[in-house]
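The file start_24.cif contains mmCIF, C-alpha atoms and all ligand atoms:
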data_coords
#
loop_
_atom_site.label_atom_id
_atom_site.label_comp_id
_atom_site.auth_asym_id
_atom_site.auth_seq_id
_atom_site.Cartn_x
_atom_site.Cartn_y
_atom_site.Cartn_z
CA MET A 76 -14.17 -8.88 -3.02
CA ALA A 77 -13.67 -12.10 -4.99
CA SER A 78 -11.60 -12.22 -8.15
CA PRO A 79 -13.52 -13.15 -11.25
CA ALA A 80 -13.01 -16.84 -11.88
CA ARG A 81 -11.59 -18.22 -15.08
CA ALA A 82 -13.58 -20.91 -16.84
CA ASP A 83 -11.20 -23.47 -15.38
CA GLY A 84 -11.84 -22.13 -11.85
CA GLU A 85 -8.41 -20.55 -11.54
CA ARG A 86 -8.49 -17.06 -10.04
CA ILE A 87 -7.32 -14.16 -12.17
CA PRO A 88 -4.80 -11.98 -10.34
CA ALA A 89 -5.71 -8.32 -9.86
CA PHE A 90 -2.05 -7.35 -10.33
CA GLU A 91 0.25 -9.30 -12.62
CA ALA A 92 3.90 -8.37 -13.05
CA ARG A 93 6.19 -10.22 -15.46
CA GLY A 94 9.91 -9.66 -15.70
CA LEU A 95 9.58 -6.24 -14.11
CA GLU A 96 12.79 -4.22 -14.26
CA LYS A 97 13.68 -0.76 -13.04
CA VAL A 98 16.98 0.97 -13.60
CA TYR A 99 17.47 4.46 -12.20
CA ARG A 100 19.85 6.59 -14.22
CA MET A 101 22.05 8.69 -11.90
CA GLY A 102 24.15 10.85 -14.18
CA GLU A 103 26.47 8.35 -15.88
CA VAL A 104 25.63 5.55 -13.47
CA ASP A 105 22.82 3.01 -13.80
CA VAL A 106 21.30 1.89 -10.50
CA PRO A 107 19.32 -1.34 -10.91
CA ALA A 108 16.42 -1.42 -8.43
CA LEU A 109 14.30 -4.27 -9.84
CA ARG A 110 15.92 -7.14 -11.75
CA GLY A 111 13.06 -9.22 -13.10
CA VAL A 112 10.10 -9.39 -10.72
CA ASP A 113 7.26 -11.81 -11.37
CA LEU A 114 4.37 -11.28 -8.98
CA GLU A 115 0.63 -11.84 -8.73
CA LEU A 116 -1.62 -10.13 -6.21
CA TYR A 117 -5.27 -11.07 -5.78
CA ASP A 118 -8.29 -8.98 -4.85
CA GLY A 119 -8.94 -8.78 -1.14
CA GLU A 120 -5.51 -10.03 -0.09
CA LEU A 121 -3.41 -8.58 2.69
CA VAL A 122 0.14 -8.85 1.41
CA VAL A 123 3.28 -7.89 3.30
CA ILE A 124 6.52 -7.02 1.53
CA LEU A 125 9.64 -7.63 3.61
CA GLY A 126 13.24 -7.00 2.67
CA PRO A 127 16.38 -5.09 3.54
CA SER A 128 16.81 -1.40 2.88
CA GLY A 129 17.63 -0.75 -0.78
CA SER A 130 16.22 -4.09 -1.98
CA GLY A 131 13.59 -2.45 -4.23
CA LYS A 132 10.45 -2.55 -2.10
CA SER A 133 9.43 1.08 -2.57
CA THR A 134 10.22 0.95 -6.28
CA LEU A 135 7.92 -2.05 -6.65
CA LEU A 136 5.11 -0.42 -4.66
CA ASN A 137 5.40 2.84 -6.59
CA ILE A 138 5.12 0.98 -9.89
CA LEU A 139 2.06 -0.96 -8.69
CA GLY A 140 0.51 2.37 -7.65
CA GLY A 141 1.23 4.12 -10.93
CA LEU A 142 3.61 6.60 -9.29
CA ASP A 143 6.58 5.32 -11.27
CA VAL A 144 7.05 3.33 -14.46
CA PRO A 145 9.32 0.32 -15.00
CA THR A 146 12.16 0.31 -17.51
CA GLY A 147 11.44 -3.27 -18.53
CA GLY A 148 8.86 -6.02 -18.27
CA ARG A 149 5.11 -5.80 -17.96
CA VAL A 150 2.64 -5.01 -15.21
CA ARG A 151 -1.11 -4.65 -15.27
CA TYR A 152 -3.88 -3.98 -12.79
CA ARG A 153 -7.05 -5.66 -14.05
CA GLU A 154 -7.52 -4.21 -17.54
CA HIS A 155 -5.11 -1.33 -16.89
CA ASP A 156 -1.72 -1.81 -18.51
CA LEU A 157 0.61 0.22 -16.30
CA VAL A 158 3.46 0.14 -18.84
CA GLY A 159 3.14 2.58 -21.67
CA ALA A 160 0.07 4.22 -20.14
CA SER A 161 -0.12 7.99 -20.54
CA ALA A 162 0.52 10.21 -17.50
CA ARG A 163 -3.13 11.15 -17.66
CA ALA A 164 -4.23 7.51 -17.60
CA LEU A 165 -1.95 6.78 -14.63
CA THR A 166 -3.34 9.77 -12.74
CA ARG A 167 -6.83 8.50 -13.34
CA TYR A 168 -5.82 4.98 -12.33
CA ARG A 169 -4.40 6.29 -9.04
CA ARG A 170 -7.41 8.46 -8.35
CA GLU A 171 -10.00 5.77 -8.99
CA HIS A 172 -8.32 2.65 -7.68
CA VAL A 173 -5.39 3.32 -5.34
CA GLY A 174 -4.92 4.71 -1.85
CA PHE A 175 -1.43 5.47 -0.52
CA VAL A 176 -0.07 5.57 3.00
CA PHE A 177 3.54 6.66 3.55
CA GLN A 178 5.93 6.74 6.47
CA LEU A 179 5.38 10.48 6.91
CA TYR A 180 1.74 11.34 7.25
CA ASN A 181 1.72 14.50 5.11
CA LEU A 182 -1.37 15.96 6.77
CA VAL A 183 -2.23 19.60 6.18
CA PRO A 184 -1.34 21.21 9.55
CA SER A 185 -3.96 23.97 9.32
CA LEU A 186 -6.82 21.52 8.74
CA THR A 187 -8.59 19.31 11.30
CA ALA A 188 -8.63 15.53 10.99
CA ARG A 189 -12.07 15.72 9.41
CA GLU A 190 -11.00 18.45 6.97
CA ASN A 191 -7.86 16.54 5.98
CA VAL A 192 -9.96 13.51 5.07
CA ALA A 193 -12.69 15.58 3.39
CA LEU A 194 -10.07 17.26 1.19
CA ALA A 195 -9.06 13.90 -0.28
CA CYS A 196 -12.72 12.98 -0.78
CA GLU A 197 -13.15 15.94 -3.15
CA ILE A 198 -11.24 14.21 -5.94
CA ALA A 199 -12.79 10.75 -5.45
CA PRO A 200 -15.71 9.60 -7.58
CA ASP A 201 -17.60 7.89 -4.72
CA PRO A 202 -16.09 8.86 -1.36
CA MET A 203 -17.03 7.65 2.10
CA PRO A 204 -18.08 10.40 4.56
CA ALA A 205 -14.98 11.70 6.37
CA ASP A 206 -16.49 11.00 9.78
CA GLU A 207 -17.15 7.39 8.87
CA ALA A 208 -13.60 6.91 7.61
CA LEU A 209 -12.22 8.39 10.84
CA ARG A 210 -14.49 6.22 12.97
CA ARG A 211 -13.23 3.17 11.11
CA VAL A 212 -9.67 3.90 12.20
CA GLY A 213 -10.76 4.53 15.78
CA LEU A 214 -10.64 8.33 15.67
CA GLY A 215 -14.35 9.08 16.07
CA GLU A 216 -13.45 11.20 19.12
CA ARG A 217 -10.75 13.21 17.31
CA LEU A 218 -12.67 14.62 14.34
CA ASP A 219 -11.97 18.28 15.11
CA HIS A 220 -8.40 17.88 16.32
CA PHE A 221 -5.54 19.43 14.36
CA PRO A 222 -2.50 17.28 13.46
CA SER A 223 -0.41 19.06 16.14
CA GLN A 224 -2.93 17.90 18.75
CA LEU A 225 -2.59 14.25 17.71
CA SER A 226 0.08 11.66 18.47
CA GLY A 227 2.17 10.19 15.65
CA GLY A 228 0.06 7.02 15.62
CA GLU A 229 -3.13 9.06 15.50
CA GLN A 230 -1.79 11.18 12.65
CA GLN A 231 -0.97 8.03 10.72
CA ARG A 232 -4.51 6.78 11.35
CA VAL A 233 -5.86 10.05 9.90
CA ALA A 234 -3.66 9.39 6.86
CA ILE A 235 -5.14 5.88 6.59
CA ALA A 236 -8.68 7.32 6.92
CA ARG A 237 -7.83 9.81 4.18
CA ALA A 238 -6.75 6.98 1.88
CA VAL A 239 -9.68 4.71 2.82
CA ALA A 240 -12.29 7.44 2.34
CA LYS A 241 -11.60 7.33 -1.40
CA ARG A 242 -12.85 3.72 -1.27
CA PRO A 243 -9.80 2.49 -3.17
CA ASP A 244 -9.65 -1.07 -4.44
CA VAL A 245 -6.05 -1.21 -3.30
CA LEU A 246 -4.25 0.40 -0.37
CA LEU A 247 -0.48 0.64 -0.82
CA CYS A 248 1.43 1.36 2.39
CA ASP A 249 5.16 2.14 2.35
CA GLU A 250 6.59 1.62 5.84
CA PRO A 251 3.52 3.10 7.55
CA THR A 252 5.02 2.28 10.96
CA GLY A 253 8.55 3.46 10.15
CA ALA A 254 8.30 6.61 12.26
CA LEU A 255 6.43 4.98 15.16
CA ASP A 256 7.47 3.02 18.23
CA ALA A 257 6.69 -0.70 18.22
CA ALA A 258 3.47 -0.56 20.26
CA THR A 259 2.03 2.34 18.23
CA GLY A 260 3.10 0.68 14.99
CA ARG A 261 1.20 -2.41 16.01
CA VAL A 262 -2.02 -0.42 16.41
CA VAL A 263 -1.53 1.02 12.90
CA LEU A 264 -0.99 -2.47 11.42
CA GLU A 265 -4.11 -3.70 13.22
CA VAL A 266 -6.09 -0.86 11.65
CA LEU A 267 -4.83 -1.88 8.20
CA GLU A 268 -5.77 -5.50 8.88
CA GLN A 269 -9.23 -4.36 9.93
CA VAL A 270 -9.67 -2.23 6.79
CA ASN A 271 -8.73 -5.26 4.70
CA ARG A 272 -11.08 -7.61 6.55
CA GLU A 273 -14.09 -5.30 6.90
CA LEU A 274 -13.99 -3.39 3.60
CA GLY A 275 -12.37 -6.07 1.44
CA THR A 276 -9.72 -3.59 0.30
CA THR A 277 -6.60 -5.22 -1.10
CA VAL A 278 -3.78 -4.06 1.20
CA VAL A 279 -0.06 -4.18 0.43
CA VAL A 280 2.22 -3.18 3.29
CA ILE A 281 5.96 -2.68 3.30
CA THR A 282 7.17 -3.07 6.85
CA HIS A 283 10.12 -4.17 8.94
CA ASN A 284 7.74 -5.54 11.54
CA ALA A 285 7.90 -9.27 10.82
CA ALA A 286 5.14 -9.83 13.40
CA ILE A 287 2.59 -8.69 10.85
CA ALA A 288 3.32 -11.85 8.88
CA ALA A 289 0.80 -13.59 11.13
CA LEU A 290 -1.91 -11.17 9.95
CA ALA A 291 -1.11 -11.43 6.25
CA ASP A 292 -2.34 -13.81 3.58
CA ARG A 293 1.06 -13.75 1.93
CA VAL A 294 4.52 -12.44 2.69
CA VAL A 295 6.69 -11.46 -0.26
CA HIS A 296 10.42 -11.42 0.52
CA VAL A 297 12.42 -9.04 -1.69
CA ARG A 298 16.22 -9.31 -2.00
CA ASP A 299 18.41 -7.30 -4.31
CA GLY A 300 15.64 -6.39 -6.75
CA ARG A 301 14.18 -9.88 -6.94
CA ILE A 302 11.43 -11.87 -5.22
CA ALA A 303 13.39 -14.29 -3.07
CA ARG A 304 10.40 -16.14 -1.65
CA VAL A 305 6.64 -15.90 -1.15
CA ASP A 306 5.17 -17.40 2.03
CA HIS A 307 1.48 -18.30 1.99
CA ASN A 308 -0.31 -18.08 5.30
CA ALA A 309 -3.32 -20.36 5.09
CA ARG A 310 -4.08 -19.83 8.76
CA ARG A 311 -4.36 -16.07 8.85
CA ALA A 312 -6.14 -14.84 11.98
CA PRO A 313 -7.73 -11.50 12.88
CA ALA A 314 -5.46 -9.10 14.78
CA ALA A 315 -7.44 -9.53 17.99
CA GLU A 316 -6.55 -13.24 18.11
CA ILE A 317 -2.82 -12.83 17.54
CA ALA A 318 -0.24 -12.76 20.32
CA TRP A 319 2.24 -10.29 18.80
P1 LIG A 401 13.73 -0.11 -0.52
O1 LIG A 401 12.40 0.55 -0.51
O2 LIG A 401 13.67 -1.60 -0.42
O3 LIG A 401 14.64 0.47 0.52
P2 LIG A 401 14.13 1.28 -3.06
O4 LIG A 401 13.12 0.76 -4.00
O5 LIG A 401 13.89 2.59 -2.42
O6 LIG A 401 14.43 0.17 -1.94
O7 LIG A 401 15.55 1.39 -3.79
C1 LIG A 401 16.10 0.33 -4.56
C2 LIG A 401 17.41 0.81 -5.17
O8 LIG A 401 17.14 1.86 -6.09
C3 LIG A 401 18.40 1.38 -4.16
O9 LIG A 401 19.69 1.08 -4.60
C4 LIG A 401 18.15 2.86 -4.24
O10 LIG A 401 19.29 3.58 -3.88
C5 LIG A 401 17.81 3.05 -5.70
N1 LIG A 401 16.88 4.17 -5.91
C6 LIG A 401 15.62 4.27 -5.42
N2 LIG A 401 15.03 5.40 -5.85
C7 LIG A 401 15.94 6.03 -6.63
C8 LIG A 401 15.93 7.25 -7.38
N3 LIG A 401 14.86 8.04 -7.42
N4 LIG A 401 17.06 7.58 -8.07
C9 LIG A 401 18.14 6.78 -8.06
N5 LIG A 401 18.21 5.61 -7.38
C10 LIG A 401 17.13 5.23 -6.68
MG MG A 402 11.62 2.00 0.73
#
Take the structure from the file and write it as structure tokens.
Ligand code: ADP
Ligand code: MG
Amino acid sequence: MASPARADGERIPAFEARGLEKVYRMGEVDVPALRGVDLELYDGELVVILGPSGSGKSTLLNILGGLDVPTGGRVRYREHDLVGASARALTRYRREHVGFVFQLYNLVPSLTARENVALACEIAPDPMPADEALRRVGLGERLDHFPSQLSGGEQQRVAIARAVAKRPDVLLCDEPTGALDAATGRVVLEVLEQVNRELGTTVVVITHNAAIAALADRVVHVRDGRIARVDHNARRAPAAEIAW
């Protein structure tokens, strides 16, 4: 999906954050998590966020996804101002535009893979059939399996299918490989790369797996609540062509 072009040919970012700040109040103590983040994300990009534990990655992702609100600065997604929006507006924003994938898969244990995905489709305005979403993540042969009958990597792929079936514009993934071994994690990252390439979904992934940098359009390095550096990868290649 291409960003609408400005008259001068410059692309308009889908997400635009300016001076974003987040301070968590813990009793009498203020914990600064974001200390002035300026960031642009464009439609259709695969963006990786790297940084040490506690540097503010999850806080940033949660704000972009409308799960949390900043204590300072501005952030918008297209025409949606995510600062000062009502809880109702943020819920609607999440439902219509955002898919989430977390470290823990949070599948309903008593439902099959297909039923877990179908459940999420019920609240989406224009969902993809559950079977199609599961086929996209390589689980076409596991439709009627229960979570307990699936490996960790397969459960995470069900969680990705559940998010993708909503046809979100943006998929926000917070350490989706954090609970997986390296080889399984790699399969999950390849699935995310494929979703981005085939469906045009904007994908933002927090990961410790620096190897994914080769698959990403941009790598955002977060340090101590700030963007330390953004690497552009003009030579991004499909997963199948990368030697990890
Ligand atoms: P990361 O995802 O990079 O590990 P986080 O965004 O989770 O970092 O956390 C950034 C900082 O904010 C850390 O110091 C963390 O302890 C603090 N923090 C995160 N969430 C909360 C919260 N709900 N309440 C208080 N402090 C928090
Ligand atoms: Mg985190």
Task: Pairwise distance for atom CA of A:Ala188 and atom CA of A:Arg210, rounded to one decimal in Å - done: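 Those two atoms sit 11.2 Å apart.
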- [ ] Taking all atoms listed in the file into account, report as a count of residues only which residues have an atom no farther than 12 Å from an atom of ligand MG 402 (chain A).
- [x] 28
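Of the residues under consideration (A:Ala303, A:Ala89, A:Ala254, A:Met101), A:Met101 shows the shortest atom-to-atom contact distance to ligand LIG 401 (chain A) when counting all atoms listed in the file.
With atom CA of A:Tyr117 on one side and atom CA of A:Glu171 on the other, the separation reads 17.8 Å.
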Task: Straight-line distance linking atom CA of A:Ile287 with atom P2 of ligand LIG 401 (chain A), stated in Å to one decimal - done: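 That distance, rounded to one decimal, is 20.6 Å.
The residue that comes closest to A:Ala309, out of A:Leu179, A:Ile87, A:Ala288, A:Leu116 and on the basis of all atoms listed in the file, is A:Ala288.
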With only C-alpha atoms as the counted atoms, please give the residues lying no more than 12 Å from A:Arg217, apart from itself and same-chain residues fewer than 6 positions off, as an mmCIF file with C-alpha atoms, in the coordinates of the input.
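Result file selection_32.cif:
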data_model
loop_
_atom_site.group_PDB
_atom_site.id
_atom_site.type_symbol
_atom_site.label_atom_id
_atom_site.label_comp_id
_atom_site.auth_asym_id
_atom_site.auth_seq_id
_atom_site.Cartn_x
_atom_site.Cartn_y
_atom_site.Cartn_z
ATOM 1 C CA THR A 187 -8.590 19.310 11.300
ATOM 2 C CA ALA A 188 -8.630 15.530 10.990
ATOM 3 C CA ARG A 189 -12.070 15.720 9.410
ATOM 4 C CA GLU A 190 -11.000 18.450 6.970
ATOM 5 C CA ALA A 205 -14.980 11.700 6.370
ATOM 6 C CA ASP A 206 -16.490 11.000 9.780
ATOM 7 C CA ALA A 208 -13.600 6.910 7.610
ATOM 8 C CA LEU A 209 -12.220 8.390 10.840
ATOM 9 C CA ARG A 210 -14.490 6.220 12.970
ATOM 10 C CA SER A 223 -0.410 19.060 16.140
ATOM 11 C CA GLN A 224 -2.930 17.900 18.750
ATOM 12 C CA LEU A 225 -2.590 14.250 17.710
ATOM 13 C CA SER A 226 0.080 11.660 18.470
ATOM 14 C CA GLU A 229 -3.130 9.060 15.500
ATOM 15 C CA GLN A 230 -1.790 11.180 12.650
ATOM 16 C CA ARG A 232 -4.510 6.780 11.350
ATOM 17 C CA VAL A 233 -5.860 10.050 9.900
#
Task: Best match for closeness to ligand LIG 401 (chain A) among A:Ala291, A:Leu194, A:Leu165, A:Ile302, counting all atoms listed in the file - done: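 Nearest to ligand LIG 401 (chain A): A:Ile302.
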Task: Pick from A:His172, A:Arg237, A:His307, A:Lys97 nearest to ligand LIG 401 (chain A), counting only C-alpha atoms and all ligand atoms - done: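 Answer, going by the shortest atom-to-atom distance: A:Lys97.
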Open item on the list: So, with all atoms listed in the file as the atoms that count, which of A:Arg167, A:His155, A:Arg301, A:Arg293 lies closest to ligand LIG 401 (chain A)?
Closed with: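 Smallest distance to ligand LIG 401 (chain A) is found for A:Arg301.
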Give the padded box for stretch 199-214 of chain A as JSON: axis-aligned, covering all atoms listed in the file, 5 Å on each side, centre and edge lengths in Å to one decimal.
{"center_x": -13.9, "center_y": 7.4, "center_z": 4.1, "size_x": 18.4, "size_y": 18.5, "size_z": 33.4}
Applying 7 Å and all atoms listed in the file, which residues near A:Glu115 remain after dropping the ones on its own chain fewer than 6 positions away? List them as a PDB file with C-alpha atoms, keeping the file's coordinate frame.
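Dumped everything to result.pdb:
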ATOM      1  CA  PRO A  88      -4.800 -11.980 -10.340  1.00  0.00           C
ATOM      2  CA  PHE A  90      -2.050  -7.350 -10.330  1.00  0.00           C
ATOM      3  CA  GLU A  91       0.250  -9.300 -12.620  1.00  0.00           C
ATOM      4  CA  ALA A  92       3.900  -8.370 -13.050  1.00  0.00           C
TER       5      ALA A  92
END
Task: Counting only C-alpha atoms and all ligand atoms, the option among A:Gly227, A:Gly102, A:Gly140, A:Gly94 closest to ligand LIG 401 (chain A) - done: A:Gly102
Could you write stretch 209-243 of chain A as an mmCIF file, in the frame of the given file, with N, CA and C atoms rebuilt where they are missing?
data_model
loop_
_atom_site.group_PDB
_atom_site.id
_atom_site.type_symbol
_atom_site.label_atom_id
_atom_site.label_comp_id
_atom_site.auth_asym_id
_atom_site.auth_seq_id
_atom_site.Cartn_x
_atom_site.Cartn_y
_atom_site.Cartn_z
ATOM 1 N N LEU A 209 -12.975 8.178 9.597
ATOM 2 C CA LEU A 209 -12.220 8.390 10.840
ATOM 3 C C LEU A 209 -12.714 7.463 11.950
ATOM 4 N N ARG A 210 -13.990 7.186 11.981
ATOM 5 C CA ARG A 210 -14.490 6.220 12.970
ATOM 6 C C ARG A 210 -13.913 4.837 12.723
ATOM 7 N N ARG A 211 -13.767 4.486 11.448
ATOM 8 C CA ARG A 211 -13.230 3.170 11.110
ATOM 9 C C ARG A 211 -11.812 2.951 11.628
ATOM 10 N N VAL A 212 -11.050 4.036 11.701
ATOM 11 C CA VAL A 212 -9.670 3.900 12.200
ATOM 12 C C VAL A 212 -9.587 4.244 13.682
ATOM 13 N N GLY A 213 -10.741 4.324 14.337
ATOM 14 C CA GLY A 213 -10.760 4.530 15.780
ATOM 15 C C GLY A 213 -10.571 5.966 16.220
ATOM 16 N N LEU A 214 -10.848 6.919 15.325
ATOM 17 C CA LEU A 214 -10.640 8.330 15.670
ATOM 18 C C LEU A 214 -11.950 9.121 15.695
ATOM 19 N N GLY A 215 -13.038 8.423 16.001
ATOM 20 C CA GLY A 215 -14.350 9.080 16.070
ATOM 21 C C GLY A 215 -14.402 10.197 17.100
ATOM 22 N N GLU A 216 -13.479 10.168 18.066
ATOM 23 C CA GLU A 216 -13.450 11.200 19.120
ATOM 24 C C GLU A 216 -12.445 12.312 18.801
ATOM 25 N N ARG A 217 -11.827 12.248 17.618
ATOM 26 C CA ARG A 217 -10.750 13.210 17.310
ATOM 27 C C ARG A 217 -11.049 14.001 16.023
ATOM 28 N N LEU A 218 -12.308 14.061 15.644
ATOM 29 C CA LEU A 218 -12.670 14.620 14.340
ATOM 30 C C LEU A 218 -12.188 16.060 14.163
ATOM 31 N N ASP A 219 -12.279 16.851 15.233
ATOM 32 C CA ASP A 219 -11.970 18.280 15.110
ATOM 33 C C ASP A 219 -10.585 18.626 15.638
ATOM 34 N N HIS A 220 -9.764 17.614 15.875
ATOM 35 C CA HIS A 220 -8.400 17.880 16.320
ATOM 36 C C HIS A 220 -7.520 18.233 15.112
ATOM 37 N N PHE A 221 -6.543 19.113 15.373
ATOM 38 C CA PHE A 221 -5.540 19.430 14.360
ATOM 39 C C PHE A 221 -4.385 18.440 14.489
ATOM 40 N N PRO A 222 -3.619 18.231 13.398
ATOM 41 C CA PRO A 222 -2.500 17.280 13.460
ATOM 42 C C PRO A 222 -1.594 17.509 14.673
ATOM 43 N N SER A 223 -1.318 18.778 15.007
ATOM 44 C CA SER A 223 -0.410 19.060 16.140
ATOM 45 C C SER A 223 -0.991 18.604 17.474
ATOM 46 N N GLN A 224 -2.292 18.354 17.513
ATOM 47 C CA GLN A 224 -2.930 17.900 18.750
ATOM 48 C C GLN A 224 -3.043 16.382 18.810
ATOM 49 N N LEU A 225 -2.501 15.716 17.790
ATOM 50 C CA LEU A 225 -2.590 14.250 17.710
ATOM 51 C C LEU A 225 -1.218 13.620 17.843
ATOM 52 N N SER A 226 -1.181 12.400 18.392
ATOM 53 C CA SER A 226 0.080 11.660 18.470
ATOM 54 C C SER A 226 0.475 11.182 17.071
ATOM 55 N N GLY A 227 1.712 10.707 16.936
ATOM 56 C CA GLY A 227 2.170 10.190 15.650
ATOM 57 C C GLY A 227 1.285 9.060 15.137
ATOM 58 N N GLY A 228 0.919 8.151 16.017
ATOM 59 C CA GLY A 228 0.060 7.020 15.620
ATOM 60 C C GLY A 228 -1.314 7.501 15.174
ATOM 61 N N GLU A 229 -1.827 8.514 15.884
ATOM 62 C CA GLU A 229 -3.130 9.060 15.500
ATOM 63 C C GLU A 229 -3.050 9.780 14.155
ATOM 64 N N GLN A 230 -1.952 10.496 13.942
ATOM 65 C CA GLN A 230 -1.790 11.180 12.650
ATOM 66 C C GLN A 230 -1.719 10.150 11.517
ATOM 67 N N GLN A 231 -1.044 9.051 11.761
ATOM 68 C CA GLN A 231 -0.970 8.030 10.720
ATOM 69 C C GLN A 231 -2.354 7.420 10.474
ATOM 70 N N ARG A 232 -3.150 7.300 11.542
ATOM 71 C CA ARG A 232 -4.510 6.780 11.350
ATOM 72 C C ARG A 232 -5.374 7.765 10.572
ATOM 73 N N VAL A 233 -5.158 9.064 10.748
ATOM 74 C CA VAL A 233 -5.860 10.050 9.900
ATOM 75 C C VAL A 233 -5.442 9.838 8.442
ATOM 76 N N ALA A 234 -4.145 9.603 8.237
ATOM 77 C CA ALA A 234 -3.660 9.390 6.860
ATOM 78 C C ALA A 234 -4.298 8.123 6.260
ATOM 79 N N ILE A 235 -4.479 7.103 7.081
ATOM 80 C CA ILE A 235 -5.140 5.880 6.590
ATOM 81 C C ILE A 235 -6.611 6.190 6.273
ATOM 82 N N ALA A 236 -7.274 6.939 7.164
ATOM 83 C CA ALA A 236 -8.680 7.320 6.920
ATOM 84 C C ALA A 236 -8.801 8.112 5.625
ATOM 85 N N ARG A 237 -7.826 8.994 5.404
ATOM 86 C CA ARG A 237 -7.830 9.810 4.180
ATOM 87 C C ARG A 237 -7.739 8.916 2.941
ATOM 88 N N ALA A 238 -6.894 7.888 3.015
ATOM 89 C CA ALA A 238 -6.750 6.980 1.880
ATOM 90 C C ALA A 238 -7.996 6.102 1.720
ATOM 91 N N VAL A 239 -8.536 5.624 2.844
ATOM 92 C CA VAL A 239 -9.680 4.710 2.820
ATOM 93 C C VAL A 239 -10.954 5.409 2.352
ATOM 94 N N ALA A 240 -11.075 6.698 2.673
ATOM 95 C CA ALA A 240 -12.290 7.440 2.340
ATOM 96 C C ALA A 240 -12.525 7.531 0.827
ATOM 97 N N LYS A 241 -11.461 7.365 0.059
ATOM 98 C CA LYS A 241 -11.600 7.330 -1.400
ATOM 99 C C LYS A 241 -12.213 6.017 -1.886
ATOM 100 N N ARG A 242 -12.409 5.077 -0.939
ATOM 101 C CA ARG A 242 -12.850 3.720 -1.270
ATOM 102 C C ARG A 242 -11.978 3.111 -2.366
ATOM 103 N N PRO A 243 -10.670 3.068 -2.136
ATOM 104 C CA PRO A 243 -9.800 2.490 -3.170
ATOM 105 C C PRO A 243 -9.982 0.973 -3.223
#
